[in-house]
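**Q** Please read through the structure below; I'll follow up with questions.
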Amino acid sequence: KAVSYRDYMFYRRPCRIIDTPGFSDTSRSREEIAEELDRFKAYAPHGLSALLFIVPRGRFTPEQEAALQDIRSMLGVTCSDHAIVVFTHCLDPLNRHQLLRRDQILDEVSQLPGNSGLRQLVEECKHRVVAVENVLEPARTESRNRLHQRILDTLEENSNATYDVTNFFKDAVKGQAPEGRLVEVPAKCSTKILRDQTSGKMEWSIYCKEL
């Protein structure tokens with residue numbers, strides 16, 4: 001249930017993905033959550049390129065709906081500017097070697113009730129969705145490429161501004177829903193780089209929330 005991260009290279013670019021499995025656990029004390037939040041901020045002091053919401057395709061339960069609403073309120077209203085909804089188990093049933101197309105995923109989302117938190121999130125984040133497959137090749141490799149390209153596109157859409165985590169969730173421990181802020185990336189960084197590569201810092205920091 002602890003916040004964790006993984007550093008890795010993607011096409012020679014250092015990346016960091018951060019997972020927060022316990023933030024919506026109602027059995028945890030505020031002190032435990034506060035400690036986790038401090039750890040989270042330490043892992044991404046320069047902001048986040050994207051906020052990934054991991055959703056199993058076709059199996060969105062009421063419990064997952066509630067968890068989604070909780071995390072959205074914690075992240076604040078501007079989280080949608082950086083949000084990407086990632087649908088897992090998205091192999092095309094007619095061709096198990098191919099991923100479903102984006103329009104197919106959006107068509108399924110459009111059939112959800114209007115008050116569905118998942119549908120609202122997809123609409124608020126300007127229909128940024130990615131279909132992925134976690135196990136079978138070659139779809140697994142294609143999924144990685146699609147996802148990282150979508151992260152890059154999201155960063156460019158935000159003019160290289162990241163989701164600021166220096167005050168991340170500061171009010172969440174008090175039971176309030178904070179509003180996220182954007183922080184500008186230093187001018188010396190290119191559109192593809194979050195942080196100066198020569199400094200040894202991560203280029204991309206990515207927040208990942210599996211529902």
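Residues are referred to by chain and number: the chain letter is A, B, ... according to the order shown in the structure tokens, the number counts from 1 in that chain, and ligands are numbered separately from 1 in the order shown.
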Could I get the residues of stretch 102-174 of chain A with an atom no further than 12 Å from an atom of stretch 38-55 of chain A, each paired with its nearest atom pair and that distance in Å to one decimal, using only C-alpha atoms, sorted by chain and residue number, as a Markdown table?
**A**
| residue | atom | partner | partner_atom | distance |
| --- | --- | --- | --- | --- |
| A:Ile105 | CA | A:Val55 | CA | 11.7 |
| A:Val109 | CA | A:Val55 | CA | 11.6 |
| A:Gly117 | CA | A:Val55 | CA | 12.0 |
| A:Leu118 | CA | A:Val55 | CA | 8.9 |
| A:Arg119 | CA | A:Val55 | CA | 11.7 |
| A:Leu121 | CA | A:Phe53 | CA | 9.6 |
| A:Val122 | CA | A:Phe53 | CA | 10.1 |
| A:Cys125 | CA | A:Leu51 | CA | 10.4 |
| A:Arg128 | CA | A:Leu52 | CA | 10.1 |
| A:Val129 | CA | A:Phe53 | CA | 9.6 |
| A:Val130 | CA | A:Ile54 | CA | 9.7 |
| A:Ala131 | CA | A:Val55 | CA | 9.8 |
| A:Val132 | CA | A:Ile54 | CA | 9.9 |
| A:Glu133 | CA | A:Ile54 | CA | 11.8 |
| A:Asn134 | CA | A:Ile54 | CA | 11.6 |
| A:Leu147 | CA | A:Leu52 | CA | 9.7 |
| A:His148 | CA | A:Ala50 | CA | 10.0 |
| A:Gln149 | CA | A:Ala50 | CA | 11.4 |
| A:Arg150 | CA | A:Ala50 | CA | 9.2 |
| A:Ile151 | CA | A:Ala50 | CA | 6.1 |
| A:Leu152 | CA | A:Ser49 | CA | 7.9 |
| A:Asp153 | CA | A:Ser49 | CA | 9.9 |
| A:Thr154 | CA | A:Ala50 | CA | 7.0 |
| A:Leu155 | CA | A:Ser49 | CA | 5.8 |
| A:Glu156 | CA | A:Ser49 | CA | 9.6 |
| A:Glu157 | CA | A:Ser49 | CA | 10.8 |
| A:Asn158 | CA | A:Ser49 | CA | 9.2 |
| A:Ser159 | CA | A:Ser49 | CA | 10.9 |
| A:Asn160 | CA | A:Ser49 | CA | 8.2 |
| A:Ala161 | CA | A:Ser49 | CA | 7.8 |
| A:Thr162 | CA | A:Leu48 | CA | 5.2 |
| A:Tyr163 | CA | A:Leu48 | CA | 4.9 |
| A:Asp164 | CA | A:Gly47 | CA | 4.5 |
| A:Val165 | CA | A:Gly47 | CA | 5.4 |
| A:Thr166 | CA | A:Pro45 | CA | 5.9 |
| A:Asn167 | CA | A:Lys41 | CA | 7.7 |
| A:Phe168 | CA | A:Lys41 | CA | 6.6 |
| A:Phe169 | CA | A:Lys41 | CA | 9.1 |
| A:Lys170 | CA | A:Asp38 | CA | 9.2 |
| A:Ala172 | CA | A:Asp38 | CA | 11.9 |
| A:Val173 | CA | A:Asp38 | CA | 11.0 |
**Q** Measure the distance from atom CA of A:Arg101 to atom CA of A:Gln64 in Å and round it to one decimal.
**A**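 Computing the Euclidean distance for atom CA of A:Arg101 and atom CA of A:Gln64 yields 23.7 Å.
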**Q** Quick one: of A:Gln98, A:Gln104, A:Gln111, A:Thr20, who's nearest to A:Glu142, counting only C-alpha atoms?
**A**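 Counting only C-alpha atoms, the residue closest to A:Glu142 is A:Gln98.
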**Q** Which residues, written as a PyMOL selection string, have at least one atom at most 12 Å from A:His97, with only C-alpha atoms counted and residues fewer than 5 positions away on the same chain left out?
**A** chain A and resi 90-92+132-133+135-143
**Q** For the selection you just gave me, I'd like the residues written to a file as a PDB file, in the first residue's frame, keeping C-alpha atoms.
**A**
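Generated output (out-v8.pdb):
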ATOM      1  CA  CYS A  90      -7.674  -4.164 -25.003  1.00  0.00           C
ATOM      2  CA  LEU A  91      -6.859  -6.804 -27.578  1.00  0.00           C
ATOM      3  CA  ASP A  92      -9.172  -6.754 -30.574  1.00  0.00           C
ATOM      4  CA  VAL A 132      -3.038  -1.303 -23.848  1.00  0.00           C
ATOM      5  CA  GLU A 133      -2.212  -4.962 -23.484  1.00  0.00           C
ATOM      6  CA  VAL A 135       1.084  -9.493 -21.529  1.00  0.00           C
ATOM      7  CA  LEU A 136       0.882 -10.661 -25.132  1.00  0.00           C
ATOM      8  CA  GLU A 137       3.291  -9.548 -27.831  1.00  0.00           C
ATOM      9  CA  PRO A 138       3.457  -7.724 -30.198  1.00  0.00           C
ATOM     10  CA  ALA A 139       0.583  -5.737 -28.654  1.00  0.00           C
ATOM     11  CA  ARG A 140       2.507  -5.249 -25.406  1.00  0.00           C
ATOM     12  CA  THR A 141       5.360  -3.422 -27.150  1.00  0.00           C
ATOM     13  CA  GLU A 142       2.933  -1.376 -29.215  1.00  0.00           C
ATOM     14  CA  SER A 143       1.134  -0.454 -25.978  1.00  0.00           C
TER      15      SER A 143
END
